[in-house]
file entry26.cif (mmCIF, C-alpha atoms)
data_input
#
loop_
_atom_site.group_PDB
_atom_site.id
_atom_site.type_symbol
_atom_site.label_atom_id
_atom_site.label_comp_id
_atom_site.auth_asym_id
_atom_site.auth_seq_id
_atom_site.Cartn_x
_atom_site.Cartn_y
_atom_site.Cartn_z
ATOM 1 C CA MET K 249 -226.284 375.768 149.950
ATOM 2 C CA GLY K 250 -224.673 378.184 152.440
ATOM 3 C CA ILE K 251 -222.827 381.361 151.517
ATOM 4 C CA ASN K 252 -219.039 381.030 151.563
ATOM 5 C CA LEU K 253 -216.957 384.193 151.029
ATOM 6 C CA ARG K 254 -213.681 382.849 152.430
ATOM 7 C CA GLY K 255 -210.659 384.200 150.563
ATOM 8 C CA ARG K 256 -212.711 386.731 148.554
ATOM 9 C CA SER K 257 -211.708 390.371 148.161
ATOM 10 C CA PHE K 258 -214.326 393.086 148.718
ATOM 11 C CA LEU K 259 -213.635 395.623 145.970
ATOM 12 C CA LYS K 260 -217.084 396.534 144.583
ATOM 13 C CA LEU K 261 -220.652 395.355 145.033
ATOM 14 C CA LEU K 262 -220.851 394.398 141.365
ATOM 15 C CA ASP K 263 -218.766 391.350 142.384
ATOM 16 C CA PHE K 264 -221.370 390.132 144.899
ATOM 17 C CA SER K 265 -224.814 388.624 144.506
ATOM 18 C CA SER K 266 -227.907 389.883 146.308
ATOM 19 C CA GLU K 267 -227.785 386.731 148.450
ATOM 20 C CA GLU K 268 -224.163 387.382 149.430
ATOM 21 C CA ILE K 269 -224.960 390.986 150.385
ATOM 22 C CA ARG K 270 -227.920 389.724 152.437
ATOM 23 C CA TYR K 271 -225.557 387.314 154.213
ATOM 24 C CA LEU K 272 -223.212 390.205 155.087
ATOM 25 C CA LEU K 273 -226.126 392.277 156.413
ATOM 26 C CA ASP K 274 -227.364 389.448 158.627
ATOM 27 C CA LEU K 275 -223.837 388.796 159.851
ATOM 28 C CA SER K 276 -223.485 392.523 160.639
ATOM 29 C CA LYS K 277 -226.619 392.367 162.783
ATOM 30 C CA ASN K 278 -225.167 389.438 164.721
ATOM 31 C CA PHE K 279 -221.900 391.256 165.340
ATOM 32 C CA LYS K 280 -223.741 394.428 166.371
ATOM 33 C CA ASN K 281 -225.807 392.437 168.858
ATOM 34 C CA MET K 282 -222.680 390.870 170.337
ATOM 35 C CA LYS K 283 -220.959 394.258 170.605
ATOM 36 C CA MET K 284 -223.990 395.859 172.288
ATOM 37 C CA ASN K 285 -224.231 392.997 174.780
ATOM 38 C CA GLY K 286 -220.530 392.832 175.604
ATOM 39 C CA ILE K 287 -220.065 389.357 174.133
ATOM 40 C CA GLU K 288 -216.435 388.791 173.164
ATOM 41 C CA HIS K 289 -215.896 387.620 169.574
ATOM 42 C CA LYS K 290 -212.163 387.305 168.959
ATOM 43 C CA TYR K 291 -212.732 384.777 166.195
ATOM 44 C CA LEU K 292 -209.677 385.824 164.169
ATOM 45 C CA SER K 293 -207.087 385.779 166.941
ATOM 46 C CA GLY K 294 -203.594 385.413 165.483
ATOM 47 C CA LYS K 295 -204.502 386.999 162.156
ATOM 48 C CA ASN K 296 -202.998 390.300 161.007
ATOM 49 C CA MET K 297 -204.348 393.112 158.818
ATOM 50 C CA VAL K 298 -202.608 396.091 157.225
ATOM 51 C CA LEU K 299 -204.440 399.323 156.415
ATOM 52 C CA LEU K 300 -203.027 401.287 153.462
ATOM 53 C CA PHE K 301 -204.305 404.872 153.387
ATOM 54 C CA GLU K 302 -203.495 407.225 150.507
ATOM 55 C CA LYS K 303 -206.583 409.254 151.498
ATOM 56 C CA THR K 304 -207.074 410.034 155.162
ATOM 57 C CA SER K 305 -210.311 409.201 156.976
ATOM 58 C CA THR K 306 -211.821 409.198 160.450
ATOM 59 C CA ARG K 307 -214.641 406.649 160.092
ATOM 60 C CA THR K 308 -212.937 404.200 157.733
ATOM 61 C CA ARG K 309 -209.712 403.962 159.708
ATOM 62 C CA CYS K 310 -211.398 403.731 163.107
ATOM 63 C CA SER K 311 -213.995 401.245 161.874
ATOM 64 C CA PHE K 312 -211.354 398.912 160.436
ATOM 65 C CA GLU K 313 -209.120 399.222 163.488
ATOM 66 C CA VAL K 314 -211.863 398.575 166.050
ATOM 67 C CA ALA K 315 -213.341 395.785 163.920
ATOM 68 C CA GLY K 316 -209.932 394.129 163.705
ATOM 69 C CA TYR K 317 -209.217 394.485 167.423
ATOM 70 C CA ASP K 318 -212.662 393.147 168.361
ATOM 71 C CA LEU K 319 -211.990 390.102 166.178
ATOM 72 C CA GLY K 320 -208.639 389.587 167.954
ATOM 73 C CA MET K 321 -206.470 390.676 165.017
ATOM 74 C CA GLY K 322 -203.245 392.611 164.915
ATOM 75 C CA VAL K 323 -203.672 395.827 162.912
ATOM 76 C CA THR K 324 -200.973 397.929 161.202
ATOM 77 C CA TYR K 325 -201.798 401.387 159.828
ATOM 78 C CA LEU K 326 -199.679 402.891 157.043
ATOM 79 C CA ASP K 327 -200.347 406.514 156.086
ATOM 80 C CA PRO K 328 -199.270 408.019 152.723
ATOM 81 C CA GLY K 329 -195.762 408.733 153.984
ATOM 82 C CA SER K 330 -195.147 405.327 155.577
ATOM 83 C CA SER K 331 -194.973 403.126 152.488
ATOM 84 C CA GLN K 332 -192.885 402.975 149.317
ATOM 85 C CA MET K 333 -195.903 401.690 147.361
ATOM 86 C CA GLY K 334 -195.855 403.148 143.864
ATOM 87 C CA LYS K 335 -192.761 405.261 144.623
ATOM 88 C CA LYS K 336 -189.695 403.081 145.128
ATOM 89 C CA GLU K 337 -191.646 399.834 144.853
ATOM 90 C CA SER K 338 -194.281 398.806 142.325
ATOM 91 C CA ILE K 339 -197.851 398.065 143.417
ATOM 92 C CA GLU K 340 -197.372 394.450 142.309
ATOM 93 C CA ASP K 341 -194.230 394.014 144.442
ATOM 94 C CA THR K 342 -195.805 395.747 147.432
ATOM 95 C CA ALA K 343 -198.806 393.424 147.166
ATOM 96 C CA ARG K 344 -196.614 390.324 147.070
ATOM 97 C CA VAL K 345 -194.642 391.449 150.114
ATOM 98 C CA LEU K 346 -197.691 392.403 152.163
ATOM 99 C CA GLY K 347 -199.435 389.182 151.196
ATOM 100 C CA ARG K 348 -196.534 387.246 152.786
ATOM 101 C CA LEU K 349 -196.734 389.279 156.006
ATOM 102 C CA TYR K 350 -200.459 389.880 156.465
ATOM 103 C CA ASP K 351 -203.625 387.832 156.238
ATOM 104 C CA CYS K 352 -205.661 390.659 154.657
ATOM 105 C CA ILE K 353 -205.191 394.179 153.299
ATOM 106 C CA GLU K 354 -207.363 397.296 153.329
ATOM 107 C CA TYR K 355 -206.746 400.089 150.811
ATOM 108 C CA ARG K 356 -208.216 403.589 150.736
ATOM 109 C CA GLY K 357 -207.102 405.900 147.986
ATOM 110 C CA PHE K 358 -207.673 406.920 144.416
ATOM 111 C CA SER K 359 -207.468 404.169 141.831
ATOM 112 C CA GLN K 360 -209.854 401.229 141.463
ATOM 113 C CA ASP K 361 -207.193 399.610 139.278
ATOM 114 C CA LEU K 362 -204.715 399.865 142.157
ATOM 115 C CA VAL K 363 -206.936 398.074 144.661
ATOM 116 C CA GLN K 364 -207.636 395.434 142.006
ATOM 117 C CA THR K 365 -203.886 394.968 141.498
ATOM 118 C CA LEU K 366 -203.379 394.537 145.241
ATOM 119 C CA SER K 367 -205.989 391.803 145.172
ATOM 120 C CA ASP K 368 -204.555 390.133 142.070
ATOM 121 C CA TYR K 369 -200.990 389.955 143.389
ATOM 122 C CA SER K 370 -201.222 389.667 147.196
ATOM 123 C CA GLY K 371 -202.927 386.295 147.445
ATOM 124 C CA VAL K 372 -205.015 387.478 150.417
ATOM 125 C CA PRO K 373 -208.403 389.222 150.767
ATOM 126 C CA VAL K 374 -208.254 392.942 149.949
ATOM 127 C CA TYR K 375 -210.915 395.431 151.079
ATOM 128 C CA ASN K 376 -211.744 398.654 149.261
ATOM 129 C CA GLY K 377 -212.005 401.384 151.895
ATOM 130 C CA LEU K 378 -212.726 403.915 149.102
ATOM 131 C CA THR K 379 -211.521 404.630 145.588
ATOM 132 C CA ASP K 380 -212.516 407.292 143.088
ATOM 133 C CA LEU K 381 -215.016 404.855 141.569
ATOM 134 C CA PHE K 382 -216.547 402.870 144.445
ATOM 135 C CA HIS K 383 -217.042 402.855 148.239
ATOM 136 C CA PRO K 384 -218.441 399.369 148.984
ATOM 137 C CA THR K 385 -217.910 399.173 152.757
ATOM 138 C CA GLN K 386 -219.992 402.338 153.194
ATOM 139 C CA MET K 387 -222.826 400.667 151.290
ATOM 140 C CA ILE K 388 -223.279 397.750 153.677
ATOM 141 C CA ALA K 389 -223.556 400.239 156.552
ATOM 142 C CA ASP K 390 -226.082 402.317 154.596
ATOM 143 C CA LEU K 391 -228.223 399.289 153.778
ATOM 144 C CA LEU K 392 -228.131 398.132 157.394
ATOM 145 C CA THR K 393 -229.217 401.583 158.602
ATOM 146 C CA ILE K 394 -232.128 401.663 156.160
ATOM 147 C CA GLU K 395 -233.269 398.200 157.194
ATOM 148 C CA GLU K 396 -233.045 399.100 160.882
ATOM 149 C CA ASN K 397 -235.391 402.042 160.288
ATOM 150 C CA PHE K 398 -237.927 400.436 157.947
ATOM 151 C CA GLY K 399 -237.642 396.725 158.665
ATOM 152 C CA ARG K 400 -237.038 396.002 154.986
ATOM 153 C CA LEU K 401 -235.083 397.041 151.899
ATOM 154 C CA LYS K 402 -237.186 395.865 148.971
ATOM 155 C CA GLY K 403 -239.490 398.580 147.691
ATOM 156 C CA ILE K 404 -237.918 401.424 149.700
ATOM 157 C CA ASN K 405 -237.735 404.683 147.711
ATOM 158 C CA PHE K 406 -234.189 406.039 147.900
ATOM 159 C CA THR K 407 -233.117 409.443 146.546
ATOM 160 C CA TYR K 408 -229.540 410.641 146.197
ATOM 161 C CA MET K 409 -229.162 414.427 145.774
ATOM 162 C CA GLY K 410 -226.033 416.240 144.585
ATOM 163 C CA ASP K 411 -223.029 415.037 142.579
ATOM 164 C CA ALA K 412 -224.412 411.696 141.422
ATOM 165 C CA ARG K 413 -221.303 410.564 139.528
ATOM 166 C CA ASN K 414 -219.021 410.277 142.579
ATOM 167 C CA ASN K 415 -217.913 407.051 144.266
ATOM 168 C CA VAL K 416 -220.699 407.107 146.868
ATOM 169 C CA ALA K 417 -223.502 407.692 144.360
ATOM 170 C CA ASN K 418 -222.066 405.036 142.022
ATOM 171 C CA SER K 419 -222.014 402.509 144.831
ATOM 172 C CA LEU K 420 -225.449 403.454 146.165
ATOM 173 C CA MET K 421 -227.004 402.923 142.744
ATOM 174 C CA ILE K 422 -225.556 399.415 142.526
ATOM 175 C CA ALA K 423 -226.388 398.599 146.175
ATOM 176 C CA CYS K 424 -230.009 399.654 145.676
ATOM 177 C CA ALA K 425 -230.324 397.705 142.434
ATOM 178 C CA LYS K 426 -228.897 394.567 144.063
ATOM 179 C CA MET K 427 -231.303 394.726 147.017
ATOM 180 C CA GLY K 428 -234.532 395.773 145.295
ATOM 181 C CA VAL K 429 -234.440 399.371 146.546
ATOM 182 C CA ASN K 430 -235.853 401.993 144.149
ATOM 183 C CA PHE K 431 -233.006 404.410 143.366
ATOM 184 C CA THR K 432 -233.348 407.984 142.101
ATOM 185 C CA ALA K 433 -230.377 410.184 141.245
ATOM 186 C CA CYS K 434 -231.483 413.811 141.585
ATOM 187 C CA ALA K 435 -228.776 415.985 140.021
ATOM 188 C CA PRO K 436 -227.783 418.052 137.004
ATOM 189 C CA SER K 437 -227.805 415.644 134.041
ATOM 190 C CA HIS K 438 -224.065 415.900 133.397
ATOM 191 C CA LEU K 439 -223.490 414.785 137.010
ATOM 192 C CA PHE K 440 -225.423 411.533 136.574
ATOM 193 C CA PRO K 441 -223.389 408.296 136.918
ATOM 194 C CA GLU K 442 -221.514 407.211 133.802
ATOM 195 C CA GLU K 443 -223.646 405.496 131.185
ATOM 196 C CA TRP K 444 -221.955 402.089 131.453
ATOM 197 C CA LEU K 445 -222.662 401.957 135.169
ATOM 198 C CA ARG K 446 -226.262 403.104 134.702
ATOM 199 C CA ASP K 447 -226.695 400.259 132.214
ATOM 200 C CA GLU K 448 -225.256 397.781 134.733
ATOM 201 C CA ALA K 449 -227.635 399.017 137.435
ATOM 202 C CA LYS K 450 -230.668 398.756 135.149
ATOM 203 C CA LYS K 451 -229.677 395.227 134.146
ATOM 204 C CA ILE K 452 -229.461 394.180 137.809
ATOM 205 C CA ALA K 453 -232.713 395.996 138.619
ATOM 206 C CA LYS K 454 -234.625 393.900 136.083
ATOM 207 C CA GLU K 455 -233.774 390.827 138.155
ATOM 208 C CA THR K 456 -234.553 392.325 141.577
ATOM 209 C CA GLY K 457 -237.579 394.469 140.747
ATOM 210 C CA SER K 458 -235.800 397.718 141.585
ATOM 211 C CA ILE K 459 -236.577 400.953 139.714
ATOM 212 C CA ILE K 460 -233.590 403.076 138.645
ATOM 213 C CA ARG K 461 -234.370 406.723 137.767
ATOM 214 C CA PHE K 462 -232.472 409.911 136.937
ATOM 215 C CA THR K 463 -233.953 413.388 137.153
ATOM 216 C CA GLU K 464 -232.887 417.018 137.319
ATOM 217 C CA SER K 465 -236.132 417.938 139.112
ATOM 218 C CA VAL K 466 -235.891 418.175 142.907
ATOM 219 C CA GLU K 467 -239.679 418.009 143.186
ATOM 220 C CA GLU K 468 -239.829 414.841 141.131
ATOM 221 C CA GLY K 469 -236.752 413.322 142.736
ATOM 222 C CA THR K 470 -237.878 413.760 146.345
ATOM 223 C CA LYS K 471 -241.543 412.835 145.810
ATOM 224 C CA ASP K 472 -242.464 410.083 148.321
ATOM 225 C CA ALA K 473 -238.803 409.361 149.101
ATOM 226 C CA ASP K 474 -238.240 407.158 152.157
ATOM 227 C CA VAL K 475 -234.518 407.978 152.274
ATOM 228 C CA ILE K 476 -232.799 411.170 151.152
ATOM 229 C CA TYR K 477 -229.018 410.883 150.936
ATOM 230 C CA THR K 478 -226.345 413.384 150.032
ATOM 231 C CA ASP K 479 -222.578 413.834 150.126
ATOM 232 C CA ILE K 480 -220.239 416.815 150.135
ATOM 233 C CA TRP K 481 -220.174 418.743 146.866
ATOM 234 C CA VAL K 482 -216.404 418.543 146.296
ATOM 235 C CA SER K 483 -214.730 415.199 146.888
ATOM 236 C CA MET K 484 -211.353 414.623 148.519
ATOM 237 C CA GLY K 485 -208.560 415.106 146.015
ATOM 238 C CA GLU K 486 -210.444 417.581 143.823
ATOM 239 C CA PRO K 487 -208.882 421.066 143.536
ATOM 240 C CA ASP K 488 -210.305 423.986 145.526
ATOM 241 C CA SER K 489 -210.901 425.782 142.233
ATOM 242 C CA VAL K 490 -213.997 423.666 141.541
ATOM 243 C CA TRP K 491 -215.888 424.932 144.615
ATOM 244 C CA GLU K 492 -217.504 427.948 142.957
ATOM 245 C CA GLU K 493 -218.702 425.998 139.931
ATOM 246 C CA ARG K 494 -219.974 423.109 142.069
ATOM 247 C CA ILE K 495 -221.800 425.413 144.502
ATOM 248 C CA ASN K 496 -223.583 427.166 141.656
ATOM 249 C CA LEU K 497 -224.553 423.823 140.143
ATOM 250 C CA LEU K 498 -225.673 422.076 143.314
ATOM 251 C CA LYS K 499 -227.283 424.763 145.479
ATOM 252 C CA PRO K 500 -230.714 423.783 144.105
ATOM 253 C CA TYR K 501 -230.009 420.207 145.276
ATOM 254 C CA GLN K 502 -229.355 421.083 148.910
ATOM 255 C CA VAL K 503 -231.188 418.752 151.306
ATOM 256 C CA ASN K 504 -233.487 421.040 153.285
ATOM 257 C CA LYS K 505 -236.931 421.311 154.859
ATOM 258 C CA LYS K 506 -238.651 421.813 151.501
ATOM 259 C CA ALA K 507 -237.136 418.603 150.134
ATOM 260 C CA PHE K 508 -238.373 416.654 153.138
ATOM 261 C CA GLU K 509 -241.842 418.164 152.928
ATOM 262 C CA ASN K 510 -242.091 416.443 149.552
ATOM 263 C CA ALA K 511 -240.820 413.103 150.882
ATOM 264 C CA SER K 512 -242.749 410.405 152.756
ATOM 265 C CA LYS K 513 -243.852 411.272 156.302
ATOM 266 C CA ASP K 514 -241.354 408.815 157.844
ATOM 267 C CA ALA K 515 -238.445 409.694 155.559
ATOM 268 C CA ILE K 516 -234.920 409.629 156.999
ATOM 269 C CA PHE K 517 -231.731 411.501 156.115
ATOM 270 C CA LEU K 518 -228.386 409.771 155.495
ATOM 271 C CA HIS K 519 -224.898 411.118 154.755
ATOM 272 C CA CYS K 520 -221.575 409.257 154.656
ATOM 273 C CA LEU K 521 -219.852 412.160 156.485
ATOM 274 C CA PRO K 522 -218.070 414.466 156.990
ATOM 275 C CA SER K 523 -220.750 417.086 156.329
ATOM 276 C CA PHE K 524 -220.638 420.858 155.867
ATOM 277 C CA HIS K 525 -223.898 421.693 157.631
ATOM 278 C CA ASP K 526 -222.565 424.581 159.755
ATOM 279 C CA LEU K 527 -219.530 426.837 160.222
ATOM 280 C CA LYS K 528 -217.656 424.622 162.700
ATOM 281 C CA THR K 529 -215.051 423.437 160.193
ATOM 282 C CA THR K 530 -212.163 425.225 158.512
ATOM 283 C CA ILE K 531 -213.587 424.494 155.064
ATOM 284 C CA GLY K 532 -217.071 425.568 156.144
ATOM 285 C CA ARG K 533 -215.785 428.921 157.383
ATOM 286 C CA ASP K 534 -213.654 429.386 154.271
ATOM 287 C CA ILE K 535 -216.637 428.736 151.992
ATOM 288 C CA HIS K 536 -218.717 431.164 154.062
ATOM 289 C CA GLU K 537 -216.105 433.896 153.651
ATOM 290 C CA LYS K 538 -215.825 433.346 149.883
ATOM 291 C CA PHE K 539 -219.425 432.603 148.919
ATOM 292 C CA GLY K 540 -221.590 433.586 151.895
ATOM 293 C CA LEU K 541 -222.978 430.076 152.500
ATOM 294 C CA GLU K 542 -223.577 428.997 156.101
ATOM 295 C CA GLU K 543 -224.700 425.495 155.058
ATOM 296 C CA MET K 544 -223.896 423.481 151.975
ATOM 297 C CA GLU K 545 -225.176 420.047 150.919
ATOM 298 C CA VAL K 546 -227.602 419.821 153.874
ATOM 299 C CA THR K 547 -229.068 422.395 156.233
ATOM 300 C CA ASN K 548 -228.237 422.200 159.906
ATOM 301 C CA GLU K 549 -231.977 421.988 160.607
ATOM 302 C CA ILE K 550 -232.193 418.638 158.792
ATOM 303 C CA PHE K 551 -228.791 417.356 159.917
ATOM 304 C CA GLU K 552 -229.655 417.836 163.590
ATOM 305 C CA SER K 553 -233.287 416.701 163.279
ATOM 306 C CA SER K 554 -234.828 413.398 164.382
ATOM 307 C CA ARG K 555 -234.948 412.405 160.706
ATOM 308 C CA SER K 556 -231.158 412.330 160.596
ATOM 309 C CA LYS K 557 -229.668 408.865 161.160
ATOM 310 C CA VAL K 558 -226.125 409.776 160.185
ATOM 311 C CA PHE K 559 -224.494 408.752 163.464
ATOM 312 C CA ASP K 560 -226.272 405.388 163.515
ATOM 313 C CA GLU K 561 -224.970 405.032 159.971
ATOM 314 C CA ALA K 562 -221.425 405.958 161.042
ATOM 315 C CA GLU K 563 -221.490 403.423 163.886
ATOM 316 C CA ASN K 564 -222.732 400.755 161.509
ATOM 317 C CA ARG K 565 -219.520 401.081 159.505
ATOM 318 C CA MET K 566 -217.768 399.212 162.323
ATOM 319 C CA HIS K 567 -220.288 396.365 162.523
ATOM 320 C CA THR K 568 -220.521 395.870 158.768
ATOM 321 C CA ILE K 569 -216.762 396.058 158.185
ATOM 322 C CA LYS K 570 -216.373 393.465 160.913
ATOM 323 C CA ALA K 571 -218.783 391.222 159.020
ATOM 324 C CA VAL K 572 -216.848 391.656 155.766
ATOM 325 C CA ILE K 573 -213.519 390.831 157.431
ATOM 326 C CA TYR K 574 -214.870 387.810 159.261
ATOM 327 C CA ALA K 575 -216.773 386.432 156.268
ATOM 328 C CA THR K 576 -213.670 386.539 154.054
ATOM 329 C CA MET K 577 -211.244 385.342 156.742
ATOM 330 C CA LYS K 578 -213.099 382.708 158.804
#

call {"tool": "encode", "arguments": {"input": "entry26.cif", "output": "structure tokens"}}
result
Amino acid sequence: MGINLRGRSFLKLLDFSSEEIRYLLDLSKNFKNMKMNGIEHKYLSGKNMVLLFEKTSTRTRCSFEVAGYDLGMGVTYLDPGSSQMGKKESIEDTARVLGRLYDCIEYRGFSQDLVQTLSDYSGVPVYNGLTDLFHPTQMIADLLTIEENFGRLKGINFTYMGDARNNVANSLMIACAKMGVNFTACAPSHLFPEEWLRDEAKKIAKETGSIIRFTESVEEGTKDADVIYTDIWVSMGEPDSVWEERINLLKPYQVNKKAFENASKDAIFLHCLPSFHDLKTTIGRDIHEKFGLEEMEVTNEIFESSRSKVFDEAENRMHTIKAVIYATMK
């Protein structure tokens, strides 16, 4: 029986089977091939999509916009100041209005409950562009990038270093469990994912053969890793006051040459971006002035090395988001 995702929302990978994720990955490869070969694929001509952004983004916005345009869709972008959602109009009412005007909705912001409410009340597919809990569209791009480099997912050793309780780490743990990738969270123990989510991942892993591990030891966590992944140490929306505490906690978990010397010989580096690997950003320079750091979650040496696949990964956001939109709208 074929996979049919028509009319489904894409809010978290917990909602999707391994077979459905595999379908999205294969569809992403097809769309990437068409894009690279200049083959037009305006399969959703006449459809319209609205992008609701409470948190700004470069990659997520551009990926959704280009994906929509390539599929022949009309795309409307609403920034935080362009909607009455949650201010003068309830989320439920906003969802019902937008569902009458648009064929699908993307939301990027804070609350997982909010994106769920949009899905419950709009009557159209809703896509989670990022919430505080999950970042599912990033995951399909990450899985595609890993498979492009190793030719497989099952049995790959994947290590996440840093704040392992954030939305990216949460989603990576579930993505790895679903696809038979061995996942290690390498972080201070109080920055491990929440216990309920760890239990969910372990339950899934029993079915797929994945190994789910948590360790505070960098040496143990990076041993024979095929993929080392990290994210910025302070997430969007967190106060600046947490920088000093987070730097002191996570400096030992910086992705650097020593970490890669402990990994497999063909190991790659991934990061969802943006990254503070040099002093070419306002925040990077500010952190340097306050704390003397020239690099944070990853050294520039690793970021700019041949091991780094972060820009392939960023490009793959477009192809995989296109697959998600098409699969739920065709």

call {"tool": "atom_distance", "arguments": {"input": "entry26.cif", "atom1": "CA of Glu561 in chain K", "atom2": "CA of Val363 in chain K"}}
result
24.7 Å

call {"tool": "axis_aligned_box", "arguments": {"input": "entry26.cif", "around": "range 283-289 of chain K", "padding_each_side": "3 Å", "output": "AutoDock Vina command-line options"}}
result
--center_x -220.1 --center_y 391.7 --center_z 172.6 --size_x 14.3 --size_y 14.2 --size_z 12.0

call {"tool": "resolve_selection", "arguments": {"input": "entry26.cif", "expression": "the PyMOL selection byres ((chain K and resi 460) around 10)", "output": "ChimeraX atom specification"}}
result
/K:406,421-422,424-425,428-433,446-447,449-454,457-459,461-462

call {"tool": "closest_residue", "arguments": {"input": "entry26.cif", "among": "K:Trp491, K:Lys499, K:Cys434, K:Arg270", "to": "Asp534 in chain K", "atoms": "only C-alpha atoms"}}
result
K:Trp491

call {"tool": "atom_distance", "arguments": {"input": "entry26.cif", "atom1": "CA of Thr304 in chain K", "atom2": "CA of Phe382 in chain K"}}
result
16.0 Å

call {"tool": "atom_distance", "arguments": {"input": "entry26.cif", "atom1": "CA of Thr576 in chain K", "atom2": "CA of Phe258 in chain K"}}
result
8.5 Å

call {"tool": "residues_around", "arguments": {"input": "entry26.cif", "residues": "Glu543 in chain K", "least_positions_apart": "6", "cutoff": "7 Å", "atoms": "all atoms listed in the file", "output": "MDAnalysis selection string"}}
result
chainID K and resid 524:526

call {"tool": "write_last_selection", "arguments": {"input": "entry26.cif", "atoms": "C-alpha atoms", "output": "compact mmCIF listing (two decimals), in the frame of the given file"}}
result
# COMPACT_ATOMS: atom_id res chain seq x y z
CA PHE K 524 -220.64 420.86 155.87
CA HIS K 525 -223.90 421.69 157.63
CA ASP K 526 -222.56 424.58 159.76
